[in-house]
>>> print(open('upload-v7.txt').read())   # compact mmCIF, C-alpha atoms and all ligand atoms
# COMPACT_ATOMS: atom_id res chain seq x y z
CA MET A 1 -18.00 -49.07 1.60
CA LYS A 2 -16.94 -50.64 -1.67
CA ASN A 3 -13.21 -50.62 -1.20
CA PRO A 4 -12.20 -50.37 2.46
CA GLN A 5 -8.48 -50.94 1.72
CA SER A 6 -8.05 -47.91 -0.45
CA SER A 7 -9.60 -45.44 1.93
CA PRO A 8 -9.09 -46.50 5.54
CA VAL A 9 -9.19 -42.91 6.72
CA ILE A 10 -12.90 -42.58 6.11
CA ALA A 11 -13.58 -46.05 7.52
CA GLY A 12 -17.25 -46.45 8.24
CA GLN A 13 -17.85 -42.70 7.78
CA GLY A 14 -17.24 -41.55 11.32
CA GLU A 15 -16.58 -44.90 12.99
CA PRO A 16 -13.40 -44.76 15.04
CA LEU A 17 -10.43 -46.87 13.91
CA GLN A 18 -10.33 -50.07 15.92
CA SER A 19 -7.12 -52.10 15.74
CA ALA A 20 -3.46 -51.17 16.02
CA GLU A 21 -3.12 -52.38 12.44
CA ASP A 22 -5.83 -49.95 11.36
CA THR A 23 -4.01 -47.15 13.08
CA SER A 24 -0.61 -47.88 11.66
CA ASP A 25 -2.08 -48.35 8.18
CA THR A 26 -3.84 -45.05 8.43
CA PHE A 27 -0.74 -43.40 9.80
CA ARG A 28 1.33 -44.69 6.88
CA GLN A 29 -1.24 -43.60 4.33
CA LEU A 30 -1.43 -40.17 5.90
CA LEU A 31 2.33 -39.89 5.74
CA GLU A 32 2.38 -40.89 2.09
CA ALA A 33 -0.46 -38.55 1.16
CA ALA A 34 1.12 -35.55 2.85
CA PRO A 35 2.23 -32.80 0.48
CA ASP A 36 5.39 -32.21 2.55
CA ALA A 37 8.44 -34.27 3.43
CA ILE A 38 7.91 -35.87 6.83
CA VAL A 39 10.81 -37.35 8.77
CA VAL A 40 10.59 -39.07 12.15
CA VAL A 41 13.71 -38.97 14.30
CA ASP A 42 14.59 -40.73 17.56
CA SER A 43 16.12 -39.09 20.61
CA THR A 44 19.65 -39.65 19.30
CA GLY A 45 18.81 -37.80 16.10
CA LEU A 46 18.65 -40.88 13.87
CA ILE A 47 16.00 -41.07 11.20
CA VAL A 48 13.50 -43.87 11.89
CA LEU A 49 11.00 -43.08 9.19
CA ALA A 50 10.71 -40.89 6.07
CA ASN A 51 7.78 -40.56 3.66
CA SER A 52 7.98 -40.64 -0.11
CA MET A 53 7.80 -36.83 -0.38
CA THR A 54 11.14 -36.88 1.47
CA GLU A 55 12.53 -39.16 -1.23
CA LYS A 56 11.21 -36.86 -3.91
CA ASN A 57 12.40 -33.59 -2.36
CA PHE A 58 15.78 -34.76 -1.11
CA GLY A 59 16.67 -37.35 -3.76
CA TYR A 60 17.44 -40.16 -1.26
CA ARG A 61 15.69 -43.53 -1.17
CA GLN A 62 13.94 -44.20 2.13
CA ASP A 63 16.36 -47.01 2.96
CA GLU A 64 19.29 -44.60 2.46
CA LEU A 65 17.79 -42.30 5.07
CA VAL A 66 16.62 -44.64 7.82
CA GLY A 67 19.35 -45.05 10.43
CA GLN A 68 21.20 -41.89 9.31
CA PRO A 69 21.47 -38.79 11.47
CA ILE A 70 18.93 -36.14 10.50
CA GLU A 71 21.87 -33.80 9.76
CA ILE A 72 22.28 -35.67 6.47
CA LEU A 73 19.52 -33.33 5.26
CA VAL A 74 21.27 -30.19 6.52
CA PRO A 75 24.15 -28.38 4.74
CA GLU A 76 27.49 -29.03 6.42
CA ARG A 77 27.99 -25.45 7.57
CA PHE A 78 24.79 -25.64 9.66
CA GLN A 79 25.21 -29.20 10.96
CA HIS A 80 27.03 -28.31 14.15
CA MET A 81 24.39 -25.75 15.13
CA HIS A 82 21.64 -28.18 14.21
CA VAL A 83 22.95 -30.87 16.55
CA SER A 84 22.94 -28.49 19.50
CA HIS A 85 19.43 -27.23 18.62
CA ARG A 86 18.24 -30.80 18.37
CA ASP A 87 19.69 -31.69 21.79
CA GLY A 88 18.01 -28.59 23.20
CA PHE A 89 14.69 -29.67 21.75
CA PHE A 90 14.84 -33.11 23.36
CA THR A 91 15.42 -31.60 26.81
CA LYS A 92 12.33 -29.40 26.39
CA PRO A 93 10.13 -30.88 23.66
CA SER A 94 7.21 -28.77 22.47
CA THR A 95 5.28 -28.43 19.25
CA ARG A 96 6.53 -25.73 16.92
CA PRO A 97 4.01 -25.37 14.14
CA MET A 98 4.53 -24.23 10.55
CA GLY A 99 4.83 -20.51 10.27
CA SER A 100 6.29 -20.15 13.75
CA GLY A 101 9.38 -18.75 12.16
CA ILE A 102 11.61 -21.80 11.79
CA GLU A 103 13.18 -21.43 8.39
CA LEU A 104 16.19 -23.47 7.50
CA THR A 105 18.24 -24.43 4.52
CA ALA A 106 17.88 -28.07 3.52
CA GLN A 107 20.33 -30.07 1.42
CA ARG A 108 19.51 -32.69 -1.20
CA LYS A 109 21.55 -35.80 -1.91
CA ASP A 110 23.21 -34.09 -4.88
CA GLY A 111 24.41 -31.27 -2.60
CA SER A 112 21.97 -28.67 -3.91
CA GLU A 113 20.11 -26.66 -1.32
CA PHE A 114 16.60 -25.27 -0.89
CA PRO A 115 14.91 -23.03 1.67
CA ALA A 116 12.57 -24.94 3.94
CA GLU A 117 10.03 -24.19 6.58
CA ILE A 118 10.00 -26.77 9.34
CA SER A 119 7.41 -27.73 11.90
CA ILE A 120 8.40 -30.13 14.63
CA SER A 121 6.38 -31.99 17.23
CA PRO A 122 7.26 -34.54 19.89
CA LEU A 123 5.71 -38.00 19.52
CA GLN A 124 5.53 -40.19 22.66
CA THR A 125 5.66 -43.85 21.60
CA ASP A 126 6.32 -47.16 23.31
CA LYS A 127 9.81 -46.92 21.77
CA GLY A 128 10.42 -43.66 23.63
CA LEU A 129 10.26 -40.03 22.58
CA LEU A 130 10.38 -39.46 18.83
CA VAL A 131 10.21 -36.23 16.92
CA THR A 132 8.25 -35.62 13.73
CA ALA A 133 9.64 -32.97 11.44
CA VAL A 134 7.56 -31.70 8.54
CA VAL A 135 9.80 -30.07 5.94
CA ARG A 136 8.13 -27.81 3.42
CA ASP A 137 10.03 -26.65 0.35
CA ILE A 138 9.42 -22.89 0.22
CA THR A 139 11.57 -22.10 -2.83
CA GLU A 140 8.61 -20.68 -4.77
CA ARG A 141 7.33 -18.67 -1.86
CA LYS A 142 10.78 -17.21 -1.26
CA GLN A 143 11.14 -16.35 -4.92
CA ALA A 144 7.75 -14.65 -4.93
CA GLN A 145 8.69 -12.76 -1.76
CA ARG A 146 11.97 -11.66 -3.28
CA GLN A 147 10.23 -10.51 -6.46
CA LEU A 148 7.66 -8.60 -4.44
CA GLN A 149 10.38 -6.92 -2.40
CA GLN A 150 12.27 -6.05 -5.57
CA HIS A 151 9.15 -4.56 -7.16
CA ALA A 152 8.37 -2.59 -4.02
CA ALA A 153 11.93 -1.25 -3.87
CA GLU A 154 11.88 -0.35 -7.58
CA LEU A 155 8.55 1.38 -7.19
CA GLU A 156 9.79 3.33 -4.22
CA ARG A 157 12.92 4.35 -6.07
CA SER A 158 11.09 5.42 -9.22
CA ASN A 159 8.53 7.32 -7.12
CA ALA A 160 11.29 9.15 -5.29
CA GLU A 161 13.01 9.89 -8.60
CA LEU A 162 9.80 11.23 -10.09
CA GLU A 163 9.15 13.38 -7.09
CA GLN A 164 12.68 14.73 -7.21
CA PHE A 165 12.32 15.34 -10.93
CA ALA A 166 9.06 17.24 -10.52
CA TYR A 167 10.59 19.30 -7.75
CA VAL A 168 13.80 20.15 -9.59
CA ALA A 169 12.00 20.78 -12.88
CA SER A 170 9.41 23.08 -11.38
CA HIS A 171 11.87 24.81 -9.07
CA ASP A 172 14.46 25.45 -11.79
CA LEU A 173 11.86 26.47 -14.36
CA GLN A 174 10.68 29.26 -12.13
CA GLU A 175 13.73 31.46 -12.64
CA PRO A 176 13.79 31.74 -16.47
CA LEU A 177 10.02 32.00 -16.46
CA ARG A 178 10.16 34.89 -14.04
CA ILE A 179 12.37 36.69 -16.57
CA VAL A 180 9.98 36.00 -19.45
CA ALA A 181 7.02 37.11 -17.35
CA SER A 182 8.55 40.31 -16.03
CA TYR A 183 10.04 41.45 -19.34
CA SER A 184 6.85 40.77 -21.24
CA GLN A 185 4.97 42.78 -18.63
CA LEU A 186 7.53 45.57 -19.05
CA LEU A 187 7.08 45.36 -22.81
CA ALA A 188 3.34 45.63 -22.41
CA ARG A 189 3.61 48.66 -20.12
CA ARG A 190 6.13 50.56 -22.28
CA TYR A 191 4.98 49.77 -25.78
CA GLN A 192 1.26 49.22 -25.39
CA ASP A 193 -0.40 51.36 -28.10
CA LYS A 194 2.97 52.38 -29.58
CA LEU A 195 2.96 49.43 -31.93
CA ASP A 196 0.07 48.23 -34.06
CA SER A 197 -3.00 46.43 -32.71
CA ASP A 198 -1.61 43.00 -33.65
CA ALA A 199 1.45 43.65 -31.51
CA ASN A 200 -0.77 44.62 -28.59
CA GLU A 201 -2.62 41.37 -28.91
CA PHE A 202 0.57 39.32 -29.19
CA ILE A 203 2.05 40.94 -26.10
CA ASP A 204 -1.15 40.19 -24.18
CA PHE A 205 -0.86 36.53 -25.22
CA ILE A 206 2.73 36.37 -23.97
CA VAL A 207 1.85 38.01 -20.64
CA ASP A 208 -1.14 35.74 -20.17
CA GLY A 209 0.76 32.58 -21.18
CA ALA A 210 3.68 33.36 -18.89
CA SER A 211 1.48 34.01 -15.87
CA ARG A 212 -0.54 30.83 -16.51
CA MET A 213 2.69 28.88 -16.71
CA GLN A 214 3.82 30.41 -13.42
CA ILE A 215 0.62 29.20 -11.76
CA LEU A 216 1.04 25.71 -13.23
CA ILE A 217 4.65 25.50 -12.07
CA ASN A 218 3.72 26.69 -8.61
CA ASP A 219 1.01 24.05 -8.45
CA LEU A 220 3.43 21.37 -9.57
CA LEU A 221 5.87 22.51 -6.92
CA SER A 222 3.19 22.30 -4.18
CA TYR A 223 2.25 18.87 -5.46
CA SER A 224 5.81 17.56 -5.24
CA ARG A 225 6.25 19.17 -1.83
CA VAL A 226 3.47 17.04 -0.31
CA GLY A 227 5.93 14.15 -0.18
CA THR A 228 9.20 16.00 0.39
CA ARG A 229 8.26 18.90 2.63
CA GLY A 230 5.58 17.35 4.87
CA GLN A 231 5.65 17.85 8.64
CA GLY A 232 5.80 14.93 11.06
CA PHE A 233 2.56 13.42 12.32
CA GLU A 234 1.12 14.71 15.59
CA PRO A 235 -2.19 14.29 17.43
CA THR A 236 -4.45 16.54 15.36
CA ASP A 237 -7.91 17.74 16.35
CA PHE A 238 -9.84 17.67 13.07
CA ASN A 239 -12.44 20.12 14.49
CA LYS A 240 -9.70 22.74 14.81
CA VAL A 241 -8.31 21.91 11.38
CA ILE A 242 -11.73 22.49 9.82
CA GLU A 243 -12.10 25.76 11.71
CA SER A 244 -8.83 27.03 10.21
CA ALA A 245 -9.77 25.84 6.71
CA LEU A 246 -13.11 27.67 6.97
CA GLN A 247 -11.38 30.83 8.16
CA ASN A 248 -9.14 30.75 5.12
CA LEU A 249 -12.18 30.35 2.88
CA GLU A 250 -14.25 33.01 4.62
CA LEU A 251 -14.42 35.37 1.64
CA SER A 252 -15.58 32.86 -0.92
CA LEU A 253 -18.01 31.31 1.56
CA GLU A 254 -19.61 34.71 2.05
CA ASP A 255 -19.44 35.57 -1.61
CA LYS A 256 -21.41 32.44 -2.56
CA ALA A 257 -23.66 32.49 0.56
CA ALA A 258 -22.45 28.98 1.36
CA THR A 259 -23.34 27.11 4.55
CA VAL A 260 -21.03 24.52 6.03
CA THR A 261 -22.00 22.07 8.77
CA HIS A 262 -19.88 19.33 10.27
CA ASP A 263 -20.02 16.32 12.60
CA ASN A 264 -17.94 16.26 15.74
CA MET A 265 -14.50 15.27 14.47
CA PRO A 266 -11.91 12.97 16.06
CA THR A 267 -8.31 13.69 17.00
CA LEU A 268 -5.93 11.59 14.95
CA MET A 269 -2.22 11.27 14.23
CA ALA A 270 -1.72 13.39 11.12
CA ASP A 271 0.18 16.19 9.43
CA ARG A 272 -1.96 19.12 10.64
CA VAL A 273 -1.04 21.51 7.83
CA GLN A 274 -1.67 18.96 5.12
CA VAL A 275 -5.00 17.83 6.56
CA MET A 276 -6.06 21.47 6.60
CA GLN A 277 -5.04 21.80 2.97
CA LEU A 278 -7.04 18.65 2.20
CA PHE A 279 -10.26 20.00 3.74
CA GLN A 280 -9.62 23.41 2.23
CA ASN A 281 -9.25 22.01 -1.30
CA LEU A 282 -12.36 19.86 -1.00
CA ILE A 283 -14.49 22.62 0.53
CA SER A 284 -13.29 25.19 -2.00
CA ASN A 285 -14.24 22.83 -4.84
CA ALA A 286 -17.64 22.31 -3.22
CA ILE A 287 -18.09 26.09 -3.25
CA LYS A 288 -16.67 26.57 -6.74
CA PHE A 289 -18.69 23.86 -8.47
CA HIS A 290 -22.04 24.97 -7.03
CA GLY A 291 -25.33 24.64 -8.86
CA ASN A 292 -28.21 27.13 -8.93
CA ALA A 293 -28.83 26.99 -5.19
CA PRO A 294 -26.29 28.42 -2.72
CA PRO A 295 -23.72 25.79 -1.73
CA GLN A 296 -24.67 23.59 1.21
CA ILE A 297 -21.71 21.60 2.40
CA HIS A 298 -21.59 18.94 5.07
CA LEU A 299 -18.43 17.40 6.50
CA GLY A 300 -19.19 13.99 7.98
CA VAL A 301 -17.21 11.29 9.69
CA GLU A 302 -17.82 7.65 10.51
CA LYS A 303 -15.61 5.34 12.54
CA GLN A 304 -14.94 1.91 11.02
CA ALA A 305 -12.86 -0.98 12.36
CA ASP A 306 -9.40 0.50 11.93
CA GLU A 307 -9.97 3.81 10.20
CA PHE A 308 -12.17 6.89 10.05
CA VAL A 309 -14.11 7.55 6.85
CA PHE A 310 -14.58 11.27 6.24
CA GLN A 311 -16.92 12.80 3.71
CA VAL A 312 -17.33 16.21 2.13
CA ARG A 313 -20.82 16.41 0.64
CA ASP A 314 -22.13 19.23 -1.55
CA ASN A 315 -25.26 20.10 -3.52
CA GLY A 316 -23.33 21.29 -6.57
CA ILE A 317 -23.22 20.40 -10.26
CA GLY A 318 -22.04 16.82 -9.64
CA ILE A 319 -19.63 14.69 -11.68
CA ASP A 320 -20.26 12.08 -14.33
CA PRO A 321 -19.10 8.78 -12.70
CA GLN A 322 -16.97 7.99 -15.79
CA TYR A 323 -14.59 10.77 -14.66
CA ALA A 324 -14.51 9.65 -11.02
CA GLU A 325 -10.90 8.48 -11.24
CA ARG A 326 -9.52 10.91 -13.79
CA ILE A 327 -10.22 14.01 -11.69
CA PHE A 328 -7.61 12.89 -9.13
CA LEU A 329 -4.81 13.04 -11.73
CA VAL A 330 -2.50 16.06 -12.05
CA PHE A 331 -3.95 18.85 -14.25
CA GLN A 332 -7.09 16.91 -15.16
CA ARG A 333 -10.22 19.07 -15.23
CA LEU A 334 -13.67 18.65 -16.68
CA HIS A 335 -14.32 22.29 -17.49
CA GLY A 336 -12.71 25.15 -19.38
CA LYS A 337 -10.96 27.73 -17.23
CA ARG A 338 -13.46 30.40 -18.34
CA GLU A 339 -16.33 28.37 -16.90
CA TYR A 340 -14.60 27.56 -13.61
CA PRO A 341 -11.11 28.86 -12.78
CA GLY A 342 -8.45 26.40 -11.66
CA THR A 343 -5.56 24.27 -12.87
CA GLY A 344 -6.67 20.78 -11.93
CA ILE A 345 -4.05 20.15 -9.25
CA GLY A 346 -6.29 20.40 -6.14
CA LEU A 347 -7.60 16.82 -6.09
CA ALA A 348 -4.20 15.38 -7.07
CA ILE A 349 -2.76 17.08 -3.98
CA CYS A 350 -5.68 15.74 -1.88
CA LYS A 351 -4.93 12.22 -3.12
CA LYS A 352 -1.25 12.54 -2.31
CA ILE A 353 -1.96 13.85 1.19
CA VAL A 354 -4.44 11.06 1.92
CA GLU A 355 -2.05 8.41 0.60
CA ARG A 356 0.81 9.81 2.66
CA HIS A 357 -1.45 9.14 5.67
CA GLY A 358 -2.10 5.56 4.51
CA GLY A 359 -5.69 6.28 3.39
CA ARG A 360 -7.78 6.23 0.21
CA ILE A 361 -9.86 8.91 -1.53
CA TRP A 362 -12.78 8.59 -3.92
CA VAL A 363 -15.91 10.36 -5.09
CA GLU A 364 -19.54 9.32 -5.43
CA SER A 365 -21.62 11.58 -7.61
CA ALA A 366 -23.93 12.04 -10.57
CA PRO A 367 -24.44 15.14 -12.73
CA GLY A 368 -26.89 17.51 -11.04
CA GLU A 369 -27.00 15.42 -7.89
CA GLY A 370 -24.17 16.98 -5.90
CA SER A 371 -20.94 15.19 -5.04
CA THR A 372 -19.62 13.40 -1.98
CA PHE A 373 -15.87 13.07 -1.64
CA PHE A 374 -14.79 10.34 0.77
CA PHE A 375 -11.38 9.80 2.28
CA THR A 376 -10.04 7.54 5.00
CA ILE A 377 -7.41 8.07 7.66
CA PRO A 378 -6.22 4.99 9.57
CA LEU A 379 -6.61 5.02 13.37
CA ASN A 380 -2.87 4.92 13.82
CA ALA A 381 -1.73 6.70 10.70
CA GLN A 382 1.96 6.24 10.01
CA GLU A 383 3.78 8.30 7.47
CA MET A 384 4.02 6.48 4.12
P1 LIG B 401 -9.57 22.43 -10.19
O1 LIG B 401 -10.53 22.70 -9.09
O2 LIG B 401 -8.43 23.36 -10.23
O3 LIG B 401 -10.21 22.26 -11.52
P2 LIG B 401 -9.27 19.83 -8.95
O4 LIG B 401 -8.16 18.85 -9.09
O5 LIG B 401 -9.57 20.35 -7.61
O6 LIG B 401 -8.88 21.02 -9.91
O7 LIG B 401 -10.57 19.22 -9.57
C1 LIG B 401 -10.53 18.52 -10.82
C2 LIG B 401 -11.89 18.53 -11.48
O8 LIG B 401 -12.79 17.72 -10.73
C3 LIG B 401 -12.54 19.89 -11.52
O9 LIG B 401 -12.09 20.63 -12.64
C4 LIG B 401 -14.00 19.54 -11.61
O10 LIG B 401 -14.35 19.23 -12.93
C5 LIG B 401 -14.10 18.26 -10.79
N1 LIG B 401 -14.58 18.54 -9.42
C6 LIG B 401 -13.81 18.60 -8.30
N2 LIG B 401 -14.58 18.85 -7.21
C7 LIG B 401 -15.84 18.91 -7.63
C8 LIG B 401 -17.12 19.12 -6.97
N3 LIG B 401 -17.21 19.30 -5.65
N4 LIG B 401 -18.22 19.11 -7.74
C9 LIG B 401 -18.14 18.93 -9.09
N5 LIG B 401 -16.99 18.73 -9.76
C10 LIG B 401 -15.85 18.72 -9.05
>>> encode(input="upload-v7.txt", output="structure tokens")
Amino acid sequence: MKNPQSSPVIAGQGEPLQSAEDTSDTFRQLLEAAPDAIVVVDSTGLIVLANSMTEKNFGYRQDELVGQPIEILVPERFQHMHVSHRDGFFTKPSTRPMGSGIELTAQRKDGSEFPAEISISPLQTDKGLLVTAVVRDITERKQAQRQLQQHAAELERSNAELEQFAYVASHDLQEPLRIVASYSQLLARRYQDKLDSDANEFIDFIVDGASRMQILINDLLSYSRVGTRGQGFEPTDFNKVIESALQNLELSLEDKAATVTHDNMPTLMADRVQVMQLFQNLISNAIKFHGNAPPQIHLGVEKQADEFVFQVRDNGIGIDPQYAERIFLVFQRLHGKREYPGTGIGLAICKKIVERHGGRIWVESAPGEGSTFFFTIPLNAQEM
């Protein structure tokens, strides 16, 4: 070693420290190198040692601290409590590491305060029992926590507002739209062929537009109801859920000569009605977006560490991976409604249902290769 003085800690690369001097030197260097304030206190609560990080964080010189009660570093309003805690500790000393939940407010020499996390450990010495306290300034961490909490609360609020907005908008739009729809239908019935051919066409446009808008509004309403009108979670046998979904789809399954197979499914905490809707939407898409061959659909499941991964696999037209995320947004579709009927709400509802259960949903596919929709449900799903 070229310079033993400057790095006693790695003395001899693995050789143990020999003398008491070595040890105390090393101890001092360790103290000085520590990123936290370290204060050693005797059994009467007087400071016997403080490192330079203590000077820096608290604004006292070491010689101003040594000999003072440790409460000099504690705001006055907490001092009384601190003394009794300290006495308690000395009657039953044990190590309390960082992160074990001891958070206190520390006070600098100038009276300003900062949040601190403290770890304390007893130190048996020939001068009796001492206590080492490591004081970490957690101002930044606290600030980050507060910001995170604020963001989460804001997000929650704006989500709730949006949901409420979608609900109110779609609910209240229904009534005037019903009037437009029914009177335009009446107009069509009474005056069809009594006006000129242009008028016939215009009336048809109005009737068609109004009924499409009714479907869209209904879809929007069902979408917003996933969050506001869900049932509580209960143990749900996914085999039974799939059975009901298939019953509801019986006609279109027959119509397209589709076959559906499935793995044995688990029973999980879930909203039964919504999970049925989820499978129903995915299976009905798998039927709808079939290729030349009759639809073959498999519902699989795989248990992972703390969740089940479900899949709905088809042999249909497939999806270009560039649209893999877009299709889960409200009213986003990849085809004209003449090619394949629909409004583009189905997958958005699926996503909302899965997320309400604390899971994720995604698709893996390529055009012409069929699609596999995956979603997860946590083992102990709790309502989000
Ligand atoms: P909709 O079925 O009403 O169009 P969805 O939200 O259910 O609305 O689906 C959005 C789009 O995603 C569909 O228009 C379609 O382009 C694509 N898609 C969904 N499921 C499949 C599937 N199984 N195979 C191929 N494309 C699909």
>>> residues_near_point(input="upload-v7.txt", point="(3.6, 4.6, 7.8)", cutoff="9 Å", atoms="all atoms listed in the file", output="tab-separated table (two decimals) with C-alpha atoms, in the frame of the given file")
chain	number	residue	atom	x	y	z
A	356	ARG	CA	0.81	9.81	2.66
A	357	HIS	CA	-1.45	9.14	5.67
A	358	GLY	CA	-2.10	5.56	4.51
A	380	ASN	CA	-2.87	4.92	13.82
A	381	ALA	CA	-1.73	6.70	10.70
A	382	GLN	CA	1.96	6.24	10.01
A	383	GLU	CA	3.78	8.30	7.47
A	384	MET	CA	4.02	6.48	4.12
>>> closest_atom_pairs(input="upload-v7.txt", of="chain A", to="ligand LIG 401 (chain B)", cutoff="9 Å", atoms="all atoms listed in the file", output="JSON lines")
{"residue": "A:Asn281", "atom": "CA", "partner": "B:LIG401", "partner_atom": "O5", "distance": 6.5}
{"residue": "A:Leu282", "atom": "CA", "partner": "B:LIG401", "partner_atom": "N2", "distance": 6.7}
{"residue": "A:Ile283", "atom": "CA", "partner": "B:LIG401", "partner_atom": "N3", "distance": 7.5}
{"residue": "A:Ser284", "atom": "CA", "partner": "B:LIG401", "partner_atom": "N3", "distance": 8.0}
{"residue": "A:Asn285", "atom": "CA", "partner": "B:LIG401", "partner_atom": "N2", "distance": 4.6}
{"residue": "A:Ala286", "atom": "CA", "partner": "B:LIG401", "partner_atom": "N3", "distance": 3.9}
{"residue": "A:Ile287", "atom": "CA", "partner": "B:LIG401", "partner_atom": "N3", "distance": 7.3}
{"residue": "A:Lys288", "atom": "CA", "partner": "B:LIG401", "partner_atom": "N3", "distance": 7.4}
{"residue": "A:Phe289", "atom": "CA", "partner": "B:LIG401", "partner_atom": "N4", "distance": 4.8}
{"residue": "A:His290", "atom": "CA", "partner": "B:LIG401", "partner_atom": "N4", "distance": 7.0}
{"residue": "A:Val312", "atom": "CA", "partner": "B:LIG401", "partner_atom": "N3", "distance": 8.4}
{"residue": "A:Arg313", "atom": "CA", "partner": "B:LIG401", "partner_atom": "N3", "distance": 7.8}
{"residue": "A:Asp314", "atom": "CA", "partner": "B:LIG401", "partner_atom": "N3", "distance": 6.4}
{"residue": "A:Asn315", "atom": "CA", "partner": "B:LIG401", "partner_atom": "N4", "distance": 8.3}
{"residue": "A:Gly316", "atom": "CA", "partner": "B:LIG401", "partner_atom": "N4", "distance": 5.7}
{"residue": "A:Ile317", "atom": "CA", "partner": "B:LIG401", "partner_atom": "C9", "distance": 5.4}
{"residue": "A:Gly318", "atom": "CA", "partner": "B:LIG401", "partner_atom": "C9", "distance": 4.5}
{"residue": "A:Ile319", "atom": "CA", "partner": "B:LIG401", "partner_atom": "C9", "distance": 5.2}
{"residue": "A:Asp320", "atom": "CA", "partner": "B:LIG401", "partner_atom": "N5", "distance": 8.7}
{"residue": "A:Tyr323", "atom": "CA", "partner": "B:LIG401", "partner_atom": "O8", "distance": 8.2}
{"residue": "A:Ala324", "atom": "CA", "partner": "B:LIG401", "partner_atom": "O8", "distance": 8.3}
{"residue": "A:Arg326", "atom": "CA", "partner": "B:LIG401", "partner_atom": "O8", "distance": 8.2}
{"residue": "A:Ile327", "atom": "CA", "partner": "B:LIG401", "partner_atom": "C1", "distance": 4.6}
{"residue": "A:Phe328", "atom": "CA", "partner": "B:LIG401", "partner_atom": "O4", "distance": 6.0}
{"residue": "A:Leu329", "atom": "CA", "partner": "B:LIG401", "partner_atom": "O4", "distance": 7.2}
{"residue": "A:Val330", "atom": "CA", "partner": "B:LIG401", "partner_atom": "O4", "distance": 7.0}
{"residue": "A:Phe331", "atom": "CA", "partner": "B:LIG401", "partner_atom": "O4", "distance": 6.7}
{"residue": "A:Gln332", "atom": "CA", "partner": "B:LIG401", "partner_atom": "C1", "distance": 5.8}
{"residue": "A:Arg333", "atom": "CA", "partner": "B:LIG401", "partner_atom": "O9", "distance": 3.6}
{"residue": "A:Leu334", "atom": "CA", "partner": "B:LIG401", "partner_atom": "O10", "distance": 3.9}
{"residue": "A:His335", "atom": "CA", "partner": "B:LIG401", "partner_atom": "O10", "distance": 5.5}
{"residue": "A:Gly336", "atom": "CA", "partner": "B:LIG401", "partner_atom": "O9", "distance": 8.1}
{"residue": "A:Lys337", "atom": "CA", "partner": "B:LIG401", "partner_atom": "O3", "distance": 7.9}
{"residue": "A:Tyr340", "atom": "CA", "partner": "B:LIG401", "partner_atom": "O3", "distance": 7.2}
{"residue": "A:Pro341", "atom": "CA", "partner": "B:LIG401", "partner_atom": "O2", "distance": 6.6}
{"residue": "A:Gly342", "atom": "CA", "partner": "B:LIG401", "partner_atom": "O2", "distance": 3.4}
{"residue": "A:Thr343", "atom": "CA", "partner": "B:LIG401", "partner_atom": "O2", "distance": 4.0}
{"residue": "A:Gly344", "atom": "CA", "partner": "B:LIG401", "partner_atom": "O6", "distance": 3.0}
{"residue": "A:Ile345", "atom": "CA", "partner": "B:LIG401", "partner_atom": "O4", "distance": 4.3}
{"residue": "A:Gly346", "atom": "CA", "partner": "B:LIG401", "partner_atom": "O5", "distance": 3.6}
{"residue": "A:Leu347", "atom": "CA", "partner": "B:LIG401", "partner_atom": "O4", "distance": 3.7}
{"residue": "A:Ala348", "atom": "CA", "partner": "B:LIG401", "partner_atom": "O4", "distance": 5.6}
{"residue": "A:Ile349", "atom": "CA", "partner": "B:LIG401", "partner_atom": "O4", "distance": 7.6}
{"residue": "A:Cys350", "atom": "CA", "partner": "B:LIG401", "partner_atom": "O4", "distance": 8.2}
{"residue": "A:Val363", "atom": "CA", "partner": "B:LIG401", "partner_atom": "N2", "distance": 8.9}
{"residue": "A:Ser365", "atom": "CA", "partner": "B:LIG401", "partner_atom": "N4", "distance": 8.3}
{"residue": "A:Pro367", "atom": "CA", "partner": "B:LIG401", "partner_atom": "C9", "distance": 8.2}
{"residue": "A:Gly370", "atom": "CA", "partner": "B:LIG401", "partner_atom": "N4", "distance": 6.6}
{"residue": "A:Ser371", "atom": "CA", "partner": "B:LIG401", "partner_atom": "N4", "distance": 5.5}
{"residue": "A:Thr372", "atom": "CA", "partner": "B:LIG401", "partner_atom": "N3", "distance": 7.4}
{"residue": "A:Phe373", "atom": "CA", "partner": "B:LIG401", "partner_atom": "N3", "distance": 7.5}
>>> closest_residue(input="upload-v7.txt", among="A:Gly111, A:Asp263, A:Gln247, A:Gln304", to="Met276 of chain A", atoms="all atoms listed in the file")
A:Gln247
>>> atom_distance(input="upload-v7.txt", atom1="atom CA of Glu355 of chain A", atom2="atom CA of Val226 of chain A")
10.3 Å
>>> closest_residue(input="upload-v7.txt", among="A:Asn159, A:Thr267, A:Ser211, A:Asn218", to="Phe238 of chain A", atoms="only C-alpha atoms")
A:Thr267
>>> atom_distance(input="upload-v7.txt", atom1="atom CA of Gln164 of chain A", atom2="atom CA of Thr228 of chain A")
8.5 Å
>>> closest_residue(input="upload-v7.txt", among="A:Arg272, A:Gly227, A:Arg189, A:Asn200", to="Glu161 of chain A", atoms="all atoms listed in the file")
A:Gly227
